[in-house]
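One file, model33.cif, carrying mmCIF, C-alpha atoms:
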data_work
#
loop_
_atom_site.label_atom_id
_atom_site.label_comp_id
_atom_site.auth_asym_id
_atom_site.auth_seq_id
_atom_site.Cartn_x
_atom_site.Cartn_y
_atom_site.Cartn_z
CA MET N 1 -18.68 24.60 -162.22
CA ILE N 2 -18.41 21.17 -160.64
CA LYS N 3 -20.03 18.06 -162.08
CA ILE N 4 -19.91 14.60 -160.54
CA GLN N 5 -21.46 12.19 -162.98
CA LYS N 6 -21.52 8.66 -164.34
CA GLU N 7 -21.70 9.74 -167.98
CA ASN N 8 -18.83 10.45 -170.34
CA PHE N 9 -18.25 14.05 -171.43
CA ASN N 10 -17.13 15.85 -174.57
CA VAL N 11 -14.11 18.09 -173.88
CA GLU N 12 -14.89 20.56 -176.67
CA THR N 13 -18.53 20.96 -175.59
CA GLU N 14 -17.67 21.34 -171.91
CA ILE N 15 -14.94 23.92 -172.50
CA GLU N 16 -17.07 25.84 -174.99
CA SER N 17 -20.03 25.98 -172.59
CA ILE N 18 -17.87 28.09 -170.27
CA LYS N 19 -15.62 29.86 -172.79
CA SER N 20 -18.68 31.18 -174.66
CA LEU N 21 -19.71 33.18 -171.57
CA TYR N 22 -16.57 35.37 -171.56
CA SER N 23 -14.76 37.18 -174.38
CA ASP N 24 -11.82 38.10 -172.14
CA ILE N 25 -10.61 34.50 -171.76
CA GLY N 26 -7.27 34.12 -173.55
CA ALA N 27 -5.99 30.93 -171.95
CA VAL N 28 -7.52 27.59 -170.98
CA THR N 29 -5.44 24.81 -169.44
CA THR N 30 -7.09 21.44 -169.09
CA PHE N 31 -6.10 18.17 -167.53
CA ILE N 32 -7.83 14.97 -168.60
CA GLY N 33 -7.28 11.71 -166.73
CA TYR N 34 -7.98 8.33 -168.38
CA VAL N 35 -8.20 4.70 -167.30
CA ARG N 36 -4.92 3.04 -168.37
CA ASP N 37 -4.60 -0.57 -169.53
CA THR N 38 -1.78 -1.33 -167.08
CA ASN N 39 -0.92 -0.28 -163.56
CA ASN N 40 1.76 -1.63 -161.23
CA ASN N 41 2.58 -4.21 -163.93
CA LYS N 42 -0.93 -5.63 -163.91
CA ILE N 43 -3.36 -5.65 -166.80
CA VAL N 44 -6.34 -3.53 -165.83
CA LYS N 45 -9.74 -4.65 -167.10
CA SER N 46 -11.85 -1.87 -165.64
CA ILE N 47 -12.10 0.30 -162.56
CA ASN N 48 -14.83 1.10 -160.07
CA LEU N 49 -14.89 4.64 -158.91
CA GLU N 50 -16.65 5.36 -155.65
CA VAL N 51 -17.47 8.85 -154.42
CA TYR N 52 -18.83 10.51 -151.30
CA GLU N 53 -20.71 12.88 -153.53
CA GLU N 54 -21.95 15.61 -151.20
CA MET N 55 -18.54 15.90 -149.57
CA ALA N 56 -16.72 15.80 -152.91
CA LEU N 57 -18.79 18.74 -154.13
CA LYS N 58 -17.89 20.67 -150.98
CA GLU N 59 -14.18 19.82 -151.18
CA LEU N 60 -13.88 20.62 -154.90
CA ASN N 61 -15.68 23.88 -154.34
CA LYS N 62 -13.21 24.79 -151.58
CA ILE N 63 -10.28 23.96 -153.87
CA ILE N 64 -11.67 26.23 -156.59
CA ILE N 65 -12.16 29.05 -154.08
CA LYS N 66 -8.54 28.67 -152.91
CA ALA N 67 -7.29 28.64 -156.51
CA LYS N 68 -9.26 31.82 -157.25
CA GLN N 69 -7.59 33.48 -154.27
CA LYS N 70 -4.14 32.58 -155.56
CA TRP N 71 -4.53 33.27 -159.29
CA SER N 72 -6.47 35.59 -161.52
CA LEU N 73 -9.10 33.16 -162.78
CA ILE N 74 -12.20 33.88 -164.80
CA ASP N 75 -13.78 30.46 -164.28
CA CYS N 76 -13.03 26.83 -163.41
CA LEU N 77 -14.57 23.54 -164.43
CA ILE N 78 -14.16 20.17 -162.73
CA ILE N 79 -15.89 17.04 -164.00
CA HIS N 80 -15.25 13.78 -162.15
CA ARG N 81 -16.90 10.51 -163.14
CA TYR N 82 -17.84 7.61 -160.88
CA GLY N 83 -19.15 4.08 -161.34
CA ASN N 84 -17.71 1.39 -163.57
CA LEU N 85 -15.19 2.73 -166.09
CA LYS N 86 -13.42 0.81 -168.85
CA VAL N 87 -9.86 1.13 -170.11
CA ASN N 88 -9.52 4.32 -172.23
CA ASP N 89 -12.49 5.97 -170.52
CA LYS N 90 -12.08 9.51 -169.26
CA ILE N 91 -12.10 9.83 -165.47
CA VAL N 92 -11.62 13.52 -164.78
CA LEU N 93 -11.46 16.91 -166.47
CA VAL N 94 -10.09 20.05 -164.83
CA ALA N 95 -10.14 23.27 -166.86
CA SER N 96 -8.91 26.69 -165.72
CA PHE N 97 -9.99 29.78 -167.65
CA SER N 98 -8.03 33.03 -167.41
CA LYS N 99 -6.80 36.01 -169.37
CA HIS N 100 -3.19 34.93 -169.28
CA ARG N 101 -1.42 31.63 -169.62
CA ILE N 102 0.41 31.38 -166.30
CA ASP N 103 -2.75 31.71 -164.21
CA SER N 104 -4.49 28.92 -166.07
CA PHE N 105 -1.45 26.59 -166.01
CA GLU N 106 -0.61 26.96 -162.36
CA SER N 107 -4.18 26.85 -161.10
CA CYS N 108 -5.02 23.76 -163.15
CA ASN N 109 -2.00 21.99 -161.69
CA TYR N 110 -2.90 23.16 -158.18
CA ILE N 111 -6.50 22.00 -158.48
CA MET N 112 -5.40 18.55 -159.70
CA ASN N 113 -2.93 18.22 -156.83
CA TYR N 114 -5.56 18.99 -154.21
CA LEU N 115 -8.22 16.96 -155.94
CA LYS N 116 -5.94 13.92 -155.74
CA LYS N 117 -5.07 14.65 -152.12
CA ASP N 118 -8.42 15.57 -150.61
CA ALA N 119 -11.44 14.89 -152.80
CA PRO N 120 -13.27 11.79 -151.50
CA PHE N 121 -13.06 9.49 -154.52
CA TRP N 122 -11.72 5.93 -154.43
CA LYS N 123 -10.58 3.76 -157.32
CA LYS N 124 -10.76 -0.01 -157.31
CA GLU N 125 -8.85 -1.61 -160.17
CA ASN N 126 -10.22 -4.85 -161.56
CA TYR N 127 -7.65 -7.30 -162.97
CA ASN N 128 -8.23 -10.75 -164.40
CA ASN N 129 -8.94 -12.60 -161.16
CA GLU N 130 -8.73 -9.97 -158.48
CA SER N 131 -9.40 -6.37 -157.54
CA LYS N 132 -7.45 -3.79 -155.59
CA TRP N 133 -8.33 -0.49 -153.95
CA LEU N 134 -5.78 2.22 -154.81
CA THR N 135 -4.26 5.00 -152.75
CA ASN N 136 -2.95 8.18 -154.37
CA THR N 137 0.71 8.86 -153.82
CA ASN N 138 2.59 12.08 -154.35
CA MET W 1 1.80 15.73 -184.60
CA ILE W 2 2.05 19.34 -185.76
CA LYS W 3 -0.65 21.11 -187.74
CA ILE W 4 -0.45 24.66 -189.05
CA GLN W 5 -3.81 25.54 -190.49
CA LYS W 6 -6.34 28.30 -191.19
CA GLU W 7 -9.31 26.23 -190.06
CA ASN W 8 -10.77 25.95 -186.59
CA PHE W 9 -10.37 22.65 -184.73
CA ASN W 10 -12.44 20.57 -182.31
CA VAL W 11 -10.52 19.86 -179.09
CA GLU W 12 -12.33 16.57 -178.35
CA THR W 13 -11.78 15.22 -181.87
CA GLU W 14 -8.11 16.24 -181.98
CA ILE W 15 -7.29 14.76 -178.57
CA GLU W 16 -9.23 11.59 -179.31
CA SER W 17 -7.45 11.09 -182.64
CA ILE W 18 -4.21 10.64 -180.68
CA LYS W 19 -5.55 9.16 -177.43
CA SER W 20 -7.27 6.35 -179.37
CA LEU W 21 -3.87 5.10 -180.58
CA TYR W 22 -2.58 4.29 -177.08
CA SER W 23 -4.23 2.53 -174.13
CA ASP W 24 -1.38 3.39 -171.79
CA ILE W 25 -2.12 7.12 -171.78
CA GLY W 26 -3.36 8.16 -168.34
CA ALA W 27 -2.83 11.91 -168.51
CA VAL W 28 -3.40 14.61 -171.11
CA THR W 29 -2.65 18.25 -170.41
CA THR W 30 -3.81 20.78 -172.98
CA PHE W 31 -3.38 24.48 -173.42
CA ILE W 32 -5.78 26.40 -175.64
CA GLY W 33 -5.14 30.02 -176.59
CA TYR W 34 -7.98 32.30 -177.72
CA VAL W 35 -8.33 35.77 -179.26
CA ARG W 36 -9.38 38.11 -176.43
CA ASP W 37 -11.69 41.10 -176.84
CA THR W 38 -9.28 43.49 -175.14
CA ASN W 39 -5.51 43.87 -175.00
CA ASN W 40 -3.43 46.69 -173.55
CA ASN W 41 -6.70 48.51 -172.81
CA LYS W 42 -7.74 48.53 -176.44
CA ILE W 43 -10.81 46.85 -177.88
CA VAL W 44 -9.64 44.17 -180.29
CA LYS W 45 -11.76 43.60 -183.40
CA SER W 46 -9.75 40.75 -184.94
CA ILE W 47 -6.18 39.61 -185.40
CA ASN W 48 -4.04 38.64 -188.36
CA LEU W 49 -1.71 35.76 -187.71
CA GLU W 50 1.25 35.43 -190.01
CA VAL W 51 3.50 32.38 -190.10
CA TYR W 52 6.77 31.32 -191.73
CA GLU W 53 5.26 27.89 -192.17
CA GLU W 54 8.19 25.68 -193.19
CA MET W 55 10.33 27.11 -190.40
CA ALA W 56 7.50 26.92 -187.85
CA LEU W 57 7.11 23.21 -188.57
CA LYS W 58 10.84 22.71 -188.05
CA GLU W 59 10.95 24.75 -184.83
CA LEU W 60 7.88 23.09 -183.31
CA ASN W 61 9.27 19.70 -184.20
CA LYS W 62 12.52 20.57 -182.41
CA ILE W 63 10.60 21.71 -179.33
CA ILE W 64 8.68 18.42 -179.22
CA ILE W 65 11.93 16.45 -179.55
CA LYS W 66 13.43 18.42 -176.65
CA ALA W 67 10.32 17.86 -174.53
CA LYS W 68 10.47 14.12 -175.22
CA GLN W 69 14.07 14.09 -174.02
CA LYS W 70 13.12 15.76 -170.76
CA TRP W 71 9.87 13.96 -169.92
CA SER W 72 8.36 10.56 -170.44
CA LEU W 73 5.89 11.42 -173.21
CA ILE W 74 3.80 9.09 -175.32
CA ASP W 75 2.80 11.71 -177.89
CA CYS W 76 2.41 15.45 -178.46
CA LEU W 77 0.05 17.53 -180.53
CA ILE W 78 0.45 21.16 -181.57
CA ILE W 79 -2.12 22.96 -183.71
CA HIS W 80 -1.48 26.61 -184.57
CA ARG W 81 -3.82 28.63 -186.74
CA TYR W 82 -2.93 31.51 -189.04
CA GLY W 83 -4.82 34.06 -191.12
CA ASN W 84 -7.62 36.33 -189.97
CA LEU W 85 -9.06 35.33 -186.60
CA LYS W 86 -11.97 36.90 -184.76
CA VAL W 87 -12.46 37.54 -181.05
CA ASN W 88 -13.23 34.21 -179.25
CA ASP W 89 -11.53 32.17 -181.99
CA LYS W 90 -9.05 29.53 -180.93
CA ILE W 91 -5.45 30.30 -181.88
CA VAL W 92 -3.40 27.40 -180.59
CA LEU W 93 -3.72 23.97 -179.00
CA VAL W 94 -0.86 22.14 -177.30
CA ALA W 95 -1.59 18.68 -175.88
CA SER W 96 0.90 16.40 -174.08
CA PHE W 97 0.05 12.72 -173.67
CA SER W 98 1.76 10.60 -171.00
CA LYS W 99 1.22 7.83 -168.50
CA HIS W 100 1.50 10.11 -165.50
CA ARG W 101 0.27 13.59 -164.71
CA ILE W 102 3.54 15.40 -164.00
CA ASP W 103 5.07 14.58 -167.39
CA SER W 104 2.08 15.91 -169.29
CA PHE W 105 1.79 19.07 -167.17
CA GLU W 106 5.41 20.09 -167.27
CA SER W 107 5.95 19.27 -170.93
CA CYS W 108 2.82 21.14 -172.03
CA ASN W 109 4.02 24.21 -170.16
CA TYR W 110 7.53 23.84 -171.60
CA ILE W 111 6.24 23.50 -175.16
CA MET W 112 4.07 26.61 -174.81
CA ASN W 113 6.99 28.62 -173.40
CA TYR W 114 9.25 27.73 -176.32
CA LEU W 115 6.49 28.08 -178.86
CA LYS W 116 5.97 31.66 -177.68
CA LYS W 117 9.69 32.37 -177.68
CA ASP W 118 10.88 30.77 -180.90
CA ALA W 119 8.13 29.66 -183.27
CA PRO W 120 7.92 32.13 -186.19
CA PHE W 121 4.35 33.38 -185.84
CA TRP W 122 3.36 37.04 -185.66
CA LYS W 123 0.13 38.58 -184.43
CA LYS W 124 -1.25 41.86 -185.67
CA GLU W 125 -4.15 43.18 -183.61
CA ASN W 126 -6.81 45.16 -185.40
CA TYR W 127 -8.57 47.86 -183.36
CA ASN W 128 -11.22 50.32 -184.46
CA ASN W 129 -9.03 52.62 -186.55
CA GLU W 130 -5.58 51.11 -186.35
CA SER W 131 -3.54 47.94 -186.17
CA LYS W 132 -0.50 46.91 -184.18
CA TRP W 133 2.05 44.11 -184.48
CA LEU W 134 2.64 42.40 -181.15
CA THR W 135 5.79 41.05 -179.50
CA ASN W 136 5.64 38.24 -176.96
CA THR W 137 6.96 39.10 -173.55
CA ASN W 138 7.89 36.78 -170.74
CA MET L 1 -25.99 9.54 -135.68
CA GLN L 2 -25.33 8.36 -139.22
CA ILE L 3 -22.00 6.57 -139.88
CA LYS L 4 -20.89 6.19 -143.51
CA TYR L 5 -18.20 3.80 -144.72
CA PHE L 6 -16.33 4.00 -148.02
CA ALA L 7 -14.08 1.92 -150.28
CA TRP L 8 -12.48 -1.08 -148.54
CA ILE L 9 -13.82 -0.07 -145.13
CA LYS L 10 -17.12 -1.47 -146.38
CA ASP L 11 -15.47 -4.85 -146.96
CA ILE L 12 -14.89 -4.92 -143.20
CA THR L 13 -18.14 -3.37 -141.96
CA LEU L 14 -20.22 -5.18 -144.60
CA CYS L 15 -22.47 -2.16 -144.84
CA ASP L 16 -22.41 1.29 -146.49
CA GLU L 17 -23.82 3.11 -143.51
CA GLU L 18 -25.46 2.55 -140.20
CA LYS L 19 -27.49 4.56 -137.73
CA LEU L 20 -26.32 4.67 -134.11
CA ASP L 21 -29.08 6.65 -132.45
CA ASP L 22 -29.43 4.59 -129.30
CA ILE L 23 -25.74 4.30 -128.57
CA LYS L 24 -24.04 7.00 -126.54
CA ILE L 25 -21.01 8.17 -128.53
CA ASN L 26 -20.09 11.75 -127.82
CA ASP L 27 -16.82 12.21 -129.64
CA ILE L 28 -14.59 10.70 -132.33
CA GLU L 29 -12.38 8.86 -129.83
CA ASN L 30 -15.47 7.14 -128.43
CA LEU L 31 -16.55 6.27 -131.94
CA LYS L 32 -13.16 4.71 -132.66
CA LEU L 33 -13.48 2.51 -129.57
CA PHE L 34 -16.97 1.52 -130.63
CA LEU L 35 -15.75 0.63 -134.15
CA ILE L 36 -12.76 -1.36 -132.92
CA ASN L 37 -15.07 -3.30 -130.66
CA LYS L 38 -17.70 -3.97 -133.30
CA TYR L 39 -15.25 -4.54 -136.19
CA PRO L 40 -12.00 -6.01 -134.82
CA ASN L 41 -10.51 -5.96 -138.34
CA LEU L 42 -10.66 -2.16 -138.29
CA LYS L 43 -8.43 -2.02 -135.23
CA LYS L 44 -5.03 -1.95 -136.93
CA HIS L 45 -6.18 0.64 -139.49
CA ILE L 46 -7.58 2.92 -136.82
CA GLN L 47 -4.44 2.52 -134.73
CA GLN L 48 -2.18 3.21 -137.71
CA LYS L 49 -4.12 6.45 -138.22
CA ILE L 50 -4.45 5.91 -141.95
CA LEU L 51 -8.22 6.44 -141.94
CA ARG L 52 -9.78 9.84 -142.37
CA PHE L 53 -12.84 11.06 -140.53
CA ALA L 54 -15.30 13.71 -141.66
CA ILE L 55 -18.18 15.20 -139.72
CA ASN L 56 -20.98 16.63 -141.81
CA LYS L 57 -18.76 16.49 -144.93
CA GLU L 58 -15.84 18.36 -143.34
CA TYR L 59 -12.51 16.75 -142.54
CA ILE L 60 -11.54 16.71 -138.91
CA SER L 61 -7.98 16.23 -137.71
CA ASN L 62 -8.34 16.22 -133.92
CA ASN L 63 -10.84 14.62 -131.65
CA SER L 64 -14.21 16.35 -132.05
CA ASN L 65 -17.50 16.21 -130.24
CA LEU L 66 -20.38 14.44 -131.94
CA LYS L 67 -24.04 15.38 -131.83
CA ASN L 68 -26.88 13.03 -132.47
CA ASP L 69 -27.76 14.49 -135.86
CA ASP L 70 -24.20 14.40 -137.19
CA GLU L 71 -23.19 12.47 -140.29
CA VAL L 72 -19.80 10.88 -139.69
CA ALA L 73 -17.82 9.43 -142.59
CA ILE L 74 -14.89 7.04 -142.24
CA PHE L 75 -12.67 6.31 -145.19
CA PRO L 76 -9.23 5.26 -146.38
CA PRO L 77 -6.81 7.56 -148.24
CA VAL L 78 -8.44 8.87 -151.41
CA SER L 79 -7.52 7.89 -154.97
CA GLY L 80 -9.50 10.12 -157.31
CA GLY L 81 -8.29 12.05 -160.34
CA MET D 1 19.61 34.03 -202.86
CA GLN D 2 16.05 34.34 -201.60
CA ILE D 3 15.33 36.93 -198.89
CA LYS D 4 12.04 36.64 -196.99
CA TYR D 5 10.47 39.37 -194.88
CA PHE D 6 7.84 38.92 -192.20
CA ALA D 7 5.38 40.96 -190.12
CA TRP D 8 6.15 44.70 -189.97
CA ILE D 9 9.44 44.29 -191.85
CA LYS D 10 7.24 43.98 -194.94
CA ASP D 11 5.77 47.41 -194.23
CA ILE D 12 9.30 48.76 -194.74
CA THR D 13 10.46 46.56 -197.62
CA LEU D 14 7.07 46.67 -199.33
CA CYS D 15 7.55 43.11 -200.48
CA ASP D 16 7.29 39.61 -198.98
CA GLU D 17 10.46 38.34 -200.56
CA GLU D 18 13.07 39.16 -203.13
CA LYS D 19 15.72 37.36 -205.14
CA LEU D 20 19.27 38.71 -204.98
CA ASP D 21 21.06 36.43 -207.42
CA ASP D 22 23.15 39.05 -209.17
CA ILE D 23 24.30 40.83 -206.05
CA LYS D 24 27.40 39.60 -204.31
CA ILE D 25 26.49 39.09 -200.63
CA ASN D 26 28.57 36.44 -198.96
CA ASP D 27 27.59 36.71 -195.32
CA ILE D 28 24.94 38.08 -192.97
CA GLU D 29 26.94 41.22 -192.13
CA ASN D 30 27.11 42.03 -195.86
CA LEU D 31 23.40 41.42 -196.14
CA LYS D 32 22.72 43.81 -193.27
CA LEU D 33 24.72 46.53 -195.02
CA PHE D 34 22.82 45.86 -198.23
CA LEU D 35 19.48 46.08 -196.41
CA ILE D 36 20.38 49.28 -194.56
CA ASN D 37 21.38 50.83 -197.86
CA LYS D 38 18.28 49.72 -199.73
CA TYR D 39 15.82 50.29 -196.86
CA PRO D 40 17.07 53.14 -194.67
CA ASN D 41 14.11 52.65 -192.33
CA LEU D 42 15.48 49.23 -191.39
CA LYS D 43 18.71 50.77 -190.14
CA LYS D 44 17.72 51.45 -186.53
CA HIS D 45 16.10 48.02 -186.15
CA ILE D 46 19.17 46.25 -187.50
CA GLN D 47 21.45 48.33 -185.29
CA GLN D 48 19.30 47.67 -182.22
CA LYS D 49 19.68 43.96 -182.95
CA ILE D 50 16.01 43.27 -182.38
CA LEU D 51 15.60 41.44 -185.70
CA ARG D 52 16.18 37.70 -186.02
CA PHE D 53 17.81 36.03 -189.00
CA ALA D 54 17.34 32.48 -190.22
CA ILE D 55 19.20 30.66 -192.97
CA ASN D 56 17.31 27.79 -194.55
CA LYS D 57 14.76 27.83 -191.70
CA GLU D 58 17.36 27.66 -188.92
CA TYR D 59 18.05 30.53 -186.54
CA ILE D 60 21.57 31.97 -186.62
CA SER D 61 23.05 34.00 -183.84
CA ASN D 62 26.49 34.95 -185.20
CA ASN D 63 27.59 36.14 -188.59
CA SER D 64 27.27 33.28 -191.07
CA ASN D 65 28.36 32.71 -194.65
CA LEU D 66 25.72 32.78 -197.34
CA LYS D 67 25.55 30.65 -200.46
CA ASN D 68 23.67 31.54 -203.57
CA ASP D 69 20.93 28.95 -203.04
CA ASP D 70 20.26 29.94 -199.43
CA GLU D 71 16.90 31.14 -198.19
CA VAL D 72 17.40 33.93 -195.69
CA ALA D 73 14.53 35.11 -193.48
CA ILE D 74 14.46 38.38 -191.57
CA PHE D 75 11.86 39.00 -188.96
CA PRO D 76 10.94 40.83 -185.76
CA PRO D 77 10.44 39.13 -182.38
CA VAL D 78 7.73 36.51 -182.64
CA SER D 79 4.26 36.68 -181.09
CA GLY D 80 2.61 33.33 -181.65
CA GLY D 81 0.72 31.17 -179.19
#
Do you think you could lay out the structure here as structure tokens?
Amino acid sequence: MIKIQKENFNVETEIESIKSLYSDIGAVTTFIGYVRDTNNNKIVKSINLEVYEEMALKELNKIIIKAKQKWSLIDCLIIHRYGNLKVNDKIVLVASFSKHRIDSFESCNYIMNYLKKDAPFWKKENYNNESKWLTNTN
Amino acid sequence: MIKIQKENFNVETEIESIKSLYSDIGAVTTFIGYVRDTNNNKIVKSINLEVYEEMALKELNKIIIKAKQKWSLIDCLIIHRYGNLKVNDKIVLVASFSKHRIDSFESCNYIMNYLKKDAPFWKKENYNNESKWLTNTN
Amino acid sequence: MQIKYFAWIKDITLCDEEKLDDIKINDIENLKLFLINKYPNLKKHIQQKILRFAINKEYISNNSNLKNDDEVAIFPPVSGG
Amino acid sequence: MQIKYFAWIKDITLCDEEKLDDIKINDIENLKLFLINKYPNLKKHIQQKILRFAINKEYISNNSNLKNDDEVAIFPPVSGG
């Protein structure tokens, strides 16, 4: 499942909404990204997250399909927020559900790597008197 | 933080209780283990989880210290349950908190690997008419 | 043809999107020339090849033909996650 | 000296722990001999070296001396997580 939304999310509720569908899930790996208070030695006040929503849905869906081809996955969840986010706010959740640990670990990592490389989201960090658009690095 | 407990836990609440202490956390990787309904082609009814609690605390603490030496970690959380657990119950939560993604991913994986190798917990699976003590494999 | 701009590209184009139905642009290379002409500040970014182009929500890497009902998106390197 | 048993070892010893204060056991090898004698069904597991020993909650890999106030734990391969 892929959700692109402004609203915050509850990690327990989101994981449980998928976990409760399958009794053969033994392993869930999640990654949660947050807005940090500092970046590149500057104090961050907030960020603006822009998305090309229809394309992001397509790209994230492709990434999940590729991950399912590489690992034995029961389900996947990606939630990515957009809009104005404050320090400490959650930005993204990726959760991989599988029978065994290795599949969930590796696929969660893989999905995050491709999300950061290809999914059309852009962060603008707002500092005290200025703003800056970011570019993901590897 | 290390918790060895009978009770269930809420992933959102547990993560937030640590995340809320630090505004420089940008990345949290978690692993959640669950009781599956089937193992080795047998239908699992429940499991009994036994622990050598004082030693488990010591071992898990050592694993966290080693992880902090290898990666740039802000905090770590391990919750491991014991006692009688039903299918779909959570067994374990490992969460690694860091500024950047790679540190949290790799350390969470590392902690789970050593937890499964060295932490003195034992699972007994209960099937319809019999029970079996398990041994972790790699 | 619908052209969509994202992130700091919009600071140069001063719009989120524009329709180019009356202008004859039949491939991405033509579109680049059009953009450089209309927005001189885009020139160096287009020449440095740091921008990404998508047609109908799919990345393209080479020059590609454009049809009148295509949605073309132009954006800088992404920074989600 | 306190000896603690875990998991299926308890199905053989039929107890969780026992105190061995009056018995002279001064190292792990001695303890193994004592255990094999008292619990013949432990013999093959001890000889196959699949059991792990801990003194005062620390794993040991070689033979180690034992003091009277030590807590020794004997257990099969773990299966947590």
For this session: With a cut-off of 9 Å and counting only C-alpha atoms, select all residues of chain N in contact with chain L and give the selection as a PyMOL selection string.
Result: chain N and resi 32-34+49-52+54-56+58-59+80+91-93+112-113+115-124+133-137
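Proximity ranking of W:Asn8, W:Asn126, W:Asn109, W:Ser72 relative to chain N places W:Asn109 first, based on all atoms listed in the file.
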Exercise. So which residues touch Met1 of chain D within 6 Å, counting all atoms listed in the file, skipping near sequence neighbours fewer than 3 positions away, as a list in words?
Worked result: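 Listing them by chain and then by number gives Lys19, Leu20, Asp21, Asn68, Asp69 and Asp70 of chain D.
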Might you spell out which residues the PyMOL selection byres ((chain N) within 6 of (chain W)) would select in the displayed file, as an mmCIF file with C-alpha atoms, in the coordinates of the input?
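Result written to part02.cif:
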data_model
loop_
_atom_site.group_PDB
_atom_site.id
_atom_site.type_symbol
_atom_site.label_atom_id
_atom_site.label_comp_id
_atom_site.auth_asym_id
_atom_site.auth_seq_id
_atom_site.Cartn_x
_atom_site.Cartn_y
_atom_site.Cartn_z
ATOM 1 C CA VAL N 11 -14.110 18.090 -173.880
ATOM 2 C CA GLU N 12 -14.890 20.560 -176.670
ATOM 3 C CA SER N 23 -14.760 37.180 -174.380
ATOM 4 C CA ASP N 24 -11.820 38.100 -172.140
ATOM 5 C CA GLY N 26 -7.270 34.120 -173.550
ATOM 6 C CA ALA N 27 -5.990 30.930 -171.950
ATOM 7 C CA VAL N 28 -7.520 27.590 -170.980
ATOM 8 C CA THR N 29 -5.440 24.810 -169.440
ATOM 9 C CA THR N 30 -7.090 21.440 -169.090
ATOM 10 C CA PHE N 31 -6.100 18.170 -167.530
ATOM 11 C CA ILE N 32 -7.830 14.970 -168.600
ATOM 12 C CA GLY N 33 -7.280 11.710 -166.730
ATOM 13 C CA TYR N 34 -7.980 8.330 -168.380
ATOM 14 C CA ARG N 36 -4.920 3.040 -168.370
ATOM 15 C CA ASP N 37 -4.600 -0.570 -169.530
ATOM 16 C CA ASN N 88 -9.520 4.320 -172.230
#
Exercise. So what do you get for atom CA of Asp22 of chain D versus atom CA of Gln47 of chain D, distance-wise?
Worked result: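 Between atom CA of Asp22 of chain D and atom CA of Gln47 of chain D the gap is 25.7 Å.
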Exercise. Could you name the residues that touch Glu18 of chain D at 8 Å or less, counting only C-alpha atoms, but leaving out those on the same chain fewer than 3 positions away, as a PyMOL selection string?
Worked result: chain D and resi 2-4+15
Problem set entry | Who sits within 8 Å of Ser46 of chain W, all atoms listed in the file, same chain under 2 positions skipped, as a PyMOL selection string | chain W and resi 35+44+48+84-87+125-127
Problem set entry | Within 9 Å of Phe34 of chain D using all atoms listed in the file, minus same-chain residues under 5 positions, as a PyMOL selection string | chain D and resi 25+29+39
For this session: Mind checking which residues fall within 7 Å of Leu66 of chain L, counting all atoms listed in the file, ignoring those fewer than 4 positions away in the same chain, and posting them as an MDAnalysis selection string?
Result: chainID L and resid 26:28 70
Exercise. Separation of atom CA of Arg81 of chain W and atom CA of Ile4 of chain W, in Å?
Worked result: 5.7 Å
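A straight line drawn from atom CA of Lys49 of chain L to atom CA of Glu71 of chain L is 20.1 Å long.
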